[in-house]
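Undergrad: I have a structure here, written as C-alpha coordinates, and I will follow up with some questions on it.
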Amino acid sequence: MRLKSVWLYCLVFLFALILFVYLLFPEQEFAQSLSHTLTNQDAGIRVRIDKIKLALLPPGLKFINTAIVLDNGTKITPQSIKIFLNPMSLFKRQKKIRFQSALYGGAITGSLIVDQFHPLEMSVPVLVVSQVQVREFKLNTDMGVINLTCQLNGNYAEIDSKNNTPKGHGTIRMHTVLAHFKNPLFTALNLPVIDFSDIKLNFTHHQKTVHIDDGKATGPMMTINFKGTINIDSPARESRLDLVATVWPESEYFTKLTALAGPGIGTKAKNQDNTGISFNINGTLKSPGIDP
(Lines give C-alpha, C1' and ligand atoms only; values in the text may rest on other atoms or scores of the structure.)
Protein backbone atom coordinates (compact mmCIF):
# COMPACT_ATOMS: atom_id res chain seq x y z
CA MET A 1 0.00 0.00 0.00
CA ARG A 2 2.84 2.32 0.89
CA LEU A 3 4.57 1.62 -2.46
CA LYS A 4 1.39 2.61 -4.30
CA SER A 5 1.29 5.89 -2.39
CA VAL A 6 4.90 6.63 -3.36
CA TRP A 7 4.09 6.01 -7.03
CA LEU A 8 0.99 8.17 -6.76
CA TYR A 9 2.98 11.05 -5.26
CA CYS A 10 5.62 10.68 -7.99
CA LEU A 11 2.97 10.84 -10.71
CA VAL A 12 1.35 13.89 -9.14
CA PHE A 13 4.75 15.59 -8.85
CA LEU A 14 5.62 14.74 -12.46
CA PHE A 15 2.27 16.05 -13.70
CA ALA A 16 2.71 19.26 -11.69
CA LEU A 17 6.22 19.71 -13.05
CA ILE A 18 5.09 19.26 -16.65
CA LEU A 19 2.18 21.67 -16.10
CA PHE A 20 4.52 24.21 -14.48
CA VAL A 21 7.01 24.05 -17.37
CA TYR A 22 4.23 24.18 -19.95
CA LEU A 23 2.54 27.24 -18.42
CA LEU A 24 5.73 29.19 -17.68
CA PHE A 25 7.68 28.30 -20.82
CA PRO A 26 9.19 31.58 -22.21
CA GLU A 27 7.55 31.38 -25.65
CA GLN A 28 8.38 34.86 -26.97
CA GLU A 29 11.80 35.19 -25.33
CA PHE A 30 12.95 31.82 -26.70
CA ALA A 31 11.59 32.68 -30.16
CA GLN A 32 13.39 36.05 -30.22
CA SER A 33 16.67 34.49 -29.09
CA LEU A 34 16.51 31.73 -31.71
CA SER A 35 15.52 34.21 -34.45
CA HIS A 36 18.53 36.37 -33.61
CA THR A 37 20.90 33.37 -33.54
CA LEU A 38 19.71 31.99 -36.89
CA THR A 39 19.84 35.42 -38.57
CA ASN A 40 23.44 35.92 -37.44
CA GLN A 41 24.48 32.65 -39.11
CA ASP A 42 23.92 34.02 -42.62
CA ALA A 43 23.96 37.71 -43.52
CA GLY A 44 21.67 37.05 -46.50
CA ILE A 45 18.83 35.59 -44.43
CA ARG A 46 16.57 37.17 -41.80
CA VAL A 47 14.54 34.85 -39.59
CA ARG A 48 11.55 35.93 -37.54
CA ILE A 49 9.67 33.63 -35.15
CA ASP A 50 6.85 35.13 -33.08
CA LYS A 51 6.45 32.29 -30.57
CA ILE A 52 7.73 28.80 -29.80
CA LYS A 53 5.21 26.70 -27.90
CA LEU A 54 5.67 23.38 -26.13
CA ALA A 55 3.84 20.40 -27.60
CA LEU A 56 2.96 17.62 -25.16
CA LEU A 57 1.94 14.69 -27.37
CA PRO A 58 4.30 13.87 -28.91
CA PRO A 59 6.71 16.05 -26.89
CA GLY A 60 8.31 18.76 -28.98
CA LEU A 61 8.19 22.40 -30.05
CA LYS A 62 5.81 24.26 -32.36
CA PHE A 63 6.98 27.41 -34.18
CA ILE A 64 4.27 30.07 -34.52
CA ASN A 65 4.28 32.70 -37.33
CA THR A 66 7.68 31.97 -38.82
CA ALA A 67 9.08 34.04 -41.71
CA ILE A 68 12.37 33.71 -43.61
CA VAL A 69 13.36 36.73 -45.73
CA LEU A 70 16.17 36.40 -48.30
CA ASP A 71 18.38 39.32 -49.31
CA ASN A 72 16.60 39.58 -52.69
CA GLY A 73 13.33 40.33 -50.90
CA THR A 74 11.80 36.88 -51.29
CA LYS A 75 9.75 35.95 -48.22
CA ILE A 76 9.20 32.32 -47.21
CA THR A 77 6.37 31.74 -44.71
CA PRO A 78 5.84 28.11 -43.64
CA GLN A 79 2.31 27.26 -42.54
CA SER A 80 3.72 25.22 -39.64
CA ILE A 81 7.02 23.98 -38.20
CA LYS A 82 7.31 21.28 -35.54
CA ILE A 83 10.40 19.59 -34.08
CA PHE A 84 10.61 16.50 -31.88
CA LEU A 85 13.54 15.24 -29.80
CA ASN A 86 14.30 11.52 -29.94
CA PRO A 87 14.03 10.34 -26.29
CA MET A 88 16.78 7.75 -26.87
CA SER A 89 19.29 10.57 -27.51
CA LEU A 90 18.19 12.71 -24.54
CA PHE A 91 21.27 11.85 -22.47
CA LYS A 92 23.72 11.61 -25.37
CA ARG A 93 26.01 14.34 -26.68
CA GLN A 94 24.63 13.91 -30.22
CA LYS A 95 20.93 14.78 -30.11
CA LYS A 96 18.68 13.46 -32.86
CA ILE A 97 15.80 15.78 -33.76
CA ARG A 98 12.95 15.10 -36.19
CA PHE A 99 11.23 18.01 -37.92
CA GLN A 100 8.25 18.55 -40.16
CA SER A 101 6.94 21.63 -41.90
CA ALA A 102 3.92 22.43 -44.05
CA LEU A 103 5.04 24.78 -46.84
CA TYR A 104 3.00 26.12 -49.78
CA GLY A 105 0.76 23.10 -50.26
CA GLY A 106 3.56 20.60 -49.67
CA ALA A 107 5.73 19.31 -46.86
CA ILE A 108 9.35 19.18 -45.72
CA THR A 109 10.34 16.42 -43.29
CA GLY A 110 13.63 15.05 -42.03
CA SER A 111 16.01 14.83 -39.12
CA LEU A 112 18.94 16.72 -37.62
CA ILE A 113 21.92 15.62 -35.57
CA VAL A 114 22.82 18.41 -33.12
CA ASP A 115 25.95 18.50 -30.97
CA GLN A 116 25.15 19.34 -27.35
CA PHE A 117 28.21 21.61 -27.04
CA HIS A 118 28.07 23.08 -30.56
CA PRO A 119 24.34 23.25 -31.37
CA LEU A 120 24.76 25.31 -34.55
CA GLU A 121 27.16 22.77 -36.09
CA MET A 122 24.52 20.30 -37.20
CA SER A 123 24.16 17.70 -39.92
CA VAL A 124 21.08 16.60 -41.86
CA PRO A 125 21.00 12.79 -42.16
CA VAL A 126 17.61 12.75 -43.91
CA LEU A 127 15.61 15.38 -45.80
CA VAL A 128 12.47 14.93 -47.93
CA VAL A 129 10.73 17.72 -49.87
CA SER A 130 7.32 16.83 -51.24
CA GLN A 131 5.08 18.84 -53.61
CA VAL A 132 6.11 22.31 -52.47
CA GLN A 133 4.54 24.90 -54.78
CA VAL A 134 7.18 27.55 -55.51
CA ARG A 135 5.69 30.86 -56.69
CA GLU A 136 7.66 33.75 -58.24
CA PHE A 137 11.00 32.92 -56.61
CA LYS A 138 13.33 35.73 -57.74
CA LEU A 139 16.87 35.08 -59.05
CA ASN A 140 19.23 37.93 -59.99
CA THR A 141 21.56 36.78 -62.80
CA ASP A 142 23.85 38.29 -65.44
CA MET A 143 21.01 37.71 -67.92
CA GLY A 144 18.59 39.75 -65.83
CA VAL A 145 15.96 38.92 -63.25
CA ILE A 146 14.35 35.48 -63.41
CA ASN A 147 11.11 34.70 -61.54
CA LEU A 148 10.79 30.95 -61.04
CA THR A 149 7.56 28.99 -60.54
CA CYS A 150 7.42 25.21 -60.14
CA GLN A 151 6.45 22.23 -58.02
CA LEU A 152 9.49 21.14 -56.00
CA ASN A 153 10.31 17.62 -54.84
CA GLY A 154 13.53 16.13 -53.56
CA ASN A 155 15.33 13.92 -51.06
CA TYR A 156 18.71 13.67 -49.38
CA ALA A 157 20.34 11.01 -47.20
CA GLU A 158 23.75 10.75 -45.59
CA ILE A 159 25.61 7.59 -46.52
CA ASP A 160 28.76 8.17 -44.47
CA SER A 161 29.56 10.47 -41.56
CA LYS A 162 32.89 9.16 -40.34
CA ASN A 163 35.48 11.59 -38.93
CA ASN A 164 32.81 14.35 -38.77
CA THR A 165 32.84 14.71 -42.57
CA PRO A 166 29.29 13.91 -43.73
CA LYS A 167 28.86 12.46 -47.20
CA GLY A 168 25.50 11.99 -48.82
CA HIS A 169 23.50 11.83 -52.02
CA GLY A 170 20.18 13.17 -53.15
CA THR A 171 17.80 14.08 -55.96
CA ILE A 172 16.02 17.34 -56.81
CA ARG A 173 13.06 17.31 -59.17
CA MET A 174 10.96 20.23 -60.40
CA HIS A 175 7.74 19.84 -62.38
CA THR A 176 5.89 22.36 -64.57
CA VAL A 177 8.70 24.91 -64.37
CA LEU A 178 8.04 28.47 -65.61
CA ALA A 179 10.99 30.87 -65.78
CA HIS A 180 9.91 34.50 -66.40
CA PHE A 181 12.81 36.52 -67.87
CA LYS A 182 13.25 40.28 -67.75
CA ASN A 183 15.91 40.61 -70.43
CA PRO A 184 16.01 42.32 -73.89
CA LEU A 185 17.42 39.19 -75.57
CA PHE A 186 14.55 36.99 -74.46
CA THR A 187 12.03 39.71 -75.33
CA ALA A 188 13.44 39.86 -78.88
CA LEU A 189 13.26 36.07 -79.06
CA ASN A 190 9.62 36.33 -78.00
CA LEU A 191 10.52 34.24 -74.97
CA PRO A 192 9.40 36.20 -71.91
CA VAL A 193 8.69 32.79 -70.36
CA ILE A 194 10.62 29.54 -70.80
CA ASP A 195 8.84 26.44 -69.58
CA PHE A 196 10.15 23.00 -68.74
CA SER A 197 7.91 20.05 -68.08
CA ASP A 198 10.58 18.42 -65.91
CA ILE A 199 13.96 19.27 -64.37
CA LYS A 200 15.84 16.53 -62.55
CA LEU A 201 19.32 16.35 -61.07
CA ASN A 202 21.18 13.82 -58.96
CA PHE A 203 23.92 15.05 -56.67
CA THR A 204 26.44 13.97 -54.05
CA HIS A 205 27.66 16.06 -51.13
CA HIS A 206 31.01 15.77 -49.36
CA GLN A 207 32.40 18.37 -46.95
CA LYS A 208 31.91 21.69 -48.79
CA THR A 209 31.38 20.41 -52.33
CA VAL A 210 28.18 19.42 -54.12
CA HIS A 211 28.75 17.43 -57.31
CA ILE A 212 25.91 17.29 -59.86
CA ASP A 213 26.17 14.11 -61.89
CA ASP A 214 23.48 14.20 -64.54
CA GLY A 215 21.12 17.16 -64.53
CA LYS A 216 18.53 17.42 -67.26
CA ALA A 217 15.81 19.97 -68.11
CA THR A 218 13.20 18.97 -70.68
CA GLY A 219 10.65 21.29 -72.29
CA PRO A 220 8.90 22.17 -75.56
CA MET A 221 11.39 24.97 -76.35
CA MET A 222 14.68 23.29 -75.51
CA THR A 223 16.45 20.47 -73.72
CA ILE A 224 19.40 21.20 -71.40
CA ASN A 225 21.90 18.77 -69.90
CA PHE A 226 24.20 20.02 -67.14
CA LYS A 227 26.79 18.77 -64.65
CA GLY A 228 29.60 20.11 -62.46
CA THR A 229 30.22 21.29 -58.92
CA ILE A 230 29.00 23.86 -56.40
CA ASN A 231 31.56 24.90 -53.80
CA ILE A 232 29.66 25.74 -50.62
CA ASP A 233 30.64 29.00 -48.92
CA SER A 234 29.33 31.13 -46.08
CA PRO A 235 26.97 32.87 -46.51
CA ALA A 236 25.36 30.26 -48.77
CA ARG A 237 24.51 32.79 -51.51
CA GLU A 238 28.26 33.24 -52.15
CA SER A 239 28.75 29.56 -53.02
CA ARG A 240 30.70 29.25 -56.29
CA LEU A 241 29.29 27.59 -59.41
CA ASP A 242 31.40 25.54 -61.82
CA LEU A 243 28.90 23.90 -64.19
CA VAL A 244 28.90 22.88 -67.84
CA ALA A 245 25.60 22.91 -69.76
CA THR A 246 24.59 21.81 -73.25
CA VAL A 247 21.43 23.13 -74.92
CA TRP A 248 19.44 21.69 -77.80
CA PRO A 249 16.94 24.44 -78.85
CA GLU A 250 13.92 23.56 -80.94
CA SER A 251 14.10 24.74 -84.57
CA GLU A 252 11.45 27.44 -84.03
CA TYR A 253 13.85 29.38 -81.80
CA PHE A 254 17.16 28.30 -83.31
CA THR A 255 17.36 30.94 -86.06
CA LYS A 256 16.48 33.79 -83.70
CA LEU A 257 19.02 32.57 -81.18
CA THR A 258 21.90 32.61 -83.70
CA ALA A 259 20.96 36.12 -84.84
CA LEU A 260 20.42 37.72 -81.43
CA ALA A 261 22.71 35.93 -79.02
CA GLY A 262 26.12 37.29 -78.09
CA PRO A 263 29.11 36.52 -80.33
CA GLY A 264 30.31 33.59 -78.23
CA ILE A 265 27.07 31.65 -77.97
CA GLY A 266 25.91 32.84 -81.40
CA THR A 267 28.99 31.35 -83.09
CA LYS A 268 28.55 28.10 -81.25
CA ALA A 269 24.88 28.00 -82.21
CA LYS A 270 25.68 28.45 -85.91
CA ASN A 271 28.15 25.56 -85.73
CA GLN A 272 25.75 23.37 -83.76
CA ASP A 273 25.53 19.69 -84.63
CA ASN A 274 24.26 16.73 -82.66
CA THR A 275 26.46 17.76 -79.73
CA GLY A 276 24.31 20.84 -79.01
CA ILE A 277 25.42 24.29 -77.80
CA SER A 278 27.74 24.09 -74.81
CA PHE A 279 28.57 26.84 -72.32
CA ASN A 280 29.79 27.27 -68.74
CA ILE A 281 27.72 28.48 -65.80
CA ASN A 282 29.86 30.28 -63.23
CA GLY A 283 29.57 33.02 -60.65
CA THR A 284 27.68 32.48 -57.39
CA LEU A 285 24.27 31.25 -56.32
CA LYS A 286 23.37 34.87 -55.70
CA SER A 287 24.47 36.00 -59.16
CA PRO A 288 25.07 33.15 -61.63
CA GLY A 289 26.53 33.96 -65.05
CA ILE A 290 27.03 32.32 -68.45
CA ASP A 291 30.46 32.06 -70.07
CA PRO A 292 30.42 30.86 -73.73
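Identifiers in the C-alpha coordinates: chain A, B, ... in order shown; residue index from 1 per chain; ligand index from 1 in order shown.
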What's around Phe196 in chain A at 9 Å? Count only C-alpha atoms, leave out sequence neighbours fewer than 4 positions away in its own chain, and write the answer as JSON, numbers by chain.

TA: {"A": [174, 175, 176, 177, 178, 179, 217, 218, 219, 220, 221, 222, 223]}

Undergrad: Using the selection just defined, write its residues with N, CA, C and O atoms as a PDB file, in the first residue's frame.

TA:
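Generated output (selection-v7.pdb):
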ATOM      1  N   MET A 174      11.914  19.135 -60.266  1.00  0.00           N
ATOM      2  CA  MET A 174      10.958  20.227 -60.399  1.00  0.00           C
ATOM      3  C   MET A 174      10.028  19.941 -61.574  1.00  0.00           C
ATOM      4  O   MET A 174      10.500  19.604 -62.666  1.00  0.00           O
ATOM      5  N   HIS A 175       8.736  20.084 -61.342  1.00  0.00           N
ATOM      6  CA  HIS A 175       7.738  19.840 -62.375  1.00  0.00           C
ATOM      7  C   HIS A 175       7.056  21.150 -62.774  1.00  0.00           C
ATOM      8  O   HIS A 175       6.928  22.062 -61.963  1.00  0.00           O
ATOM      9  N   THR A 176       6.622  21.204 -64.031  1.00  0.00           N
ATOM     10  CA  THR A 176       5.888  22.355 -64.567  1.00  0.00           C
ATOM     11  C   THR A 176       6.613  23.654 -64.204  1.00  0.00           C
ATOM     12  O   THR A 176       6.092  24.525 -63.499  1.00  0.00           O
ATOM     13  N   VAL A 177       7.829  23.781 -64.707  1.00  0.00           N
ATOM     14  CA  VAL A 177       8.696  24.908 -64.373  1.00  0.00           C
ATOM     15  C   VAL A 177       8.434  26.060 -65.346  1.00  0.00           C
ATOM     16  O   VAL A 177       8.467  25.876 -66.567  1.00  0.00           O
ATOM     17  N   LEU A 178       8.190  27.253 -64.803  1.00  0.00           N
ATOM     18  CA  LEU A 178       8.039  28.471 -65.609  1.00  0.00           C
ATOM     19  C   LEU A 178       9.096  29.470 -65.151  1.00  0.00           C
ATOM     20  O   LEU A 178       9.130  29.844 -63.977  1.00  0.00           O
ATOM     21  N   ALA A 179       9.962  29.882 -66.079  1.00  0.00           N
ATOM     22  CA  ALA A 179      10.987  30.875 -65.780  1.00  0.00           C
ATOM     23  C   ALA A 179      10.656  32.160 -66.532  1.00  0.00           C
ATOM     24  O   ALA A 179      10.733  32.213 -67.762  1.00  0.00           O
ATOM     25  N   ALA A 217      17.048  19.185 -68.039  1.00  0.00           N
ATOM     26  CA  ALA A 217      15.815  19.973 -68.107  1.00  0.00           C
ATOM     27  C   ALA A 217      15.166  19.723 -69.460  1.00  0.00           C
ATOM     28  O   ALA A 217      15.805  19.887 -70.503  1.00  0.00           O
ATOM     29  N   THR A 218      13.903  19.322 -69.448  1.00  0.00           N
ATOM     30  CA  THR A 218      13.202  18.969 -70.676  1.00  0.00           C
ATOM     31  C   THR A 218      11.968  19.842 -70.835  1.00  0.00           C
ATOM     32  O   THR A 218      11.183  20.000 -69.891  1.00  0.00           O
ATOM     33  N   GLY A 219      11.805  20.445 -72.036  1.00  0.00           N
ATOM     34  CA  GLY A 219      10.647  21.287 -72.289  1.00  0.00           C
ATOM     35  C   GLY A 219      10.370  21.398 -73.771  1.00  0.00           C
ATOM     36  O   GLY A 219      11.155  20.926 -74.609  1.00  0.00           O
ATOM     37  N   PRO A 220       9.262  22.048 -74.149  1.00  0.00           N
ATOM     38  CA  PRO A 220       8.896  22.172 -75.562  1.00  0.00           C
ATOM     39  C   PRO A 220       9.815  23.101 -76.345  1.00  0.00           C
ATOM     40  O   PRO A 220       9.864  23.027 -77.579  1.00  0.00           O
ATOM     41  N   MET A 221      10.538  24.006 -75.663  1.00  0.00           N
ATOM     42  CA  MET A 221      11.388  24.967 -76.353  1.00  0.00           C
ATOM     43  C   MET A 221      12.828  24.486 -76.490  1.00  0.00           C
ATOM     44  O   MET A 221      13.510  24.826 -77.448  1.00  0.00           O
ATOM     45  N   MET A 222      13.290  23.728 -75.490  1.00  0.00           N
ATOM     46  CA  MET A 222      14.676  23.285 -75.514  1.00  0.00           C
ATOM     47  C   MET A 222      14.887  22.172 -74.501  1.00  0.00           C
ATOM     48  O   MET A 222      14.074  21.963 -73.590  1.00  0.00           O
ATOM     49  N   THR A 223      15.993  21.465 -74.681  1.00  0.00           N
ATOM     50  CA  THR A 223      16.450  20.466 -73.720  1.00  0.00           C
ATOM     51  C   THR A 223      17.849  20.863 -73.268  1.00  0.00           C
ATOM     52  O   THR A 223      18.674  21.267 -74.091  1.00  0.00           O
TER      53      THR A 223
END

Undergrad: Do you know which residues are at most 7 Å from Leu85 in chain A counting only C-alpha atoms, after dropping those on the same chain fewer than 4 positions away, and could you put them as a PDB file with N, CA and C atoms, in the first residue's frame?

TA:
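Here's the written file part-v4.pdb:
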ATOM      1  N   GLY A  60       7.515  18.035 -27.999  1.00  0.00           N
ATOM      2  CA  GLY A  60       8.311  18.758 -28.978  1.00  0.00           C
ATOM      3  C   GLY A  60       8.042  20.250 -28.899  1.00  0.00           C
ATOM      4  N   LYS A  96      19.381  13.661 -31.592  1.00  0.00           N
ATOM      5  CA  LYS A  96      18.683  13.457 -32.860  1.00  0.00           C
ATOM      6  C   LYS A  96      17.316  14.123 -32.788  1.00  0.00           C
ATOM      7  N   ILE A  97      17.043  14.996 -33.750  1.00  0.00           N
ATOM      8  CA  ILE A  97      15.802  15.775 -33.765  1.00  0.00           C
ATOM      9  C   ILE A  97      15.071  15.527 -35.082  1.00  0.00           C
ATOM     10  N   ARG A  98      13.794  15.199 -35.002  1.00  0.00           N
ATOM     11  CA  ARG A  98      12.955  15.102 -36.192  1.00  0.00           C
ATOM     12  C   ARG A  98      12.228  16.430 -36.401  1.00  0.00           C
TER      13      ARG A  98
END

Undergrad: Just the strand (DSSP E or B) stuff from range 102-245 of chain A, please, per backbone DSSP, written as JSON, numbers by chain.

TA: {"A": [102, 103, 106, 107, 108, 109, 110, 111, 112, 113, 114, 115, 122, 123, 124, 125, 126, 127, 128, 129, 130, 131, 132, 133, 134, 135, 136, 137, 138, 139, 140, 141, 144, 145, 146, 147, 148, 149, 150, 151, 152, 153, 154, 155, 156, 157, 158, 159, 160, 167, 168, 169, 170, 171, 172, 173, 174, 175, 176, 177, 178, 179, 180, 181, 182, 193, 194, 195, 196, 197, 198, 199, 200, 201, 202, 203, 204, 205, 206, 209, 210, 211, 212, 213, 214, 215, 216, 217, 218, 222, 223, 224, 225, 226, 227, 228, 229, 230, 231, 240, 241, 242, 243, 244, 245]}

Undergrad: Mind checking which residues fall within 7 Å of range 239-252 of chain A, counting only C-alpha atoms, ignoring those fewer than 4 positions away in the same chain, and posting them as a list in words?

TA: Met221, Met222, Thr223, Ile224, Asn225, Phe226, Lys227, Gly228, Thr229, Ile230, Asn231, Ile232, Asp233, Gly276, Ile277, Ser278, Phe279, Asn280, Ile281, Asn282, Gly283, Thr284 and Leu285 of chain A

Undergrad: I need the residues in range 61-245 of chain A that are helix (DSSP H, G or I) according to DSSP; give them as an MDAnalysis selection string.

TA: chainID A and resid 87:89 162:164 184:188 236:238

Undergrad: I'd like the contact shell of Pro26 in chain A - 9 Å cut-off, only C-alpha atoms, skipping same-chain residues fewer than 5 positions apart - returned as a ChimeraX atom specification.

TA: /A:31,51-53

Undergrad: Got a sec: who's within 9 Å of Tyr156 in chain A, counting only C-alpha atoms, leaving out chain neighbours fewer than 5 positions off, as a list in words?

TA: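 Answer for this query is Val124, Pro125, Val126, Leu127, Val128, Val129, Gly168, His169, Gly170, Thr171 and Ile172 of chain A.
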
Undergrad: Using only C-alpha atoms, which of the listed residues (A:Lys167, A:Arg237, A:Lys75, A:Arg173) sits closest to Ser123 in chain A?

TA: A:Lys167
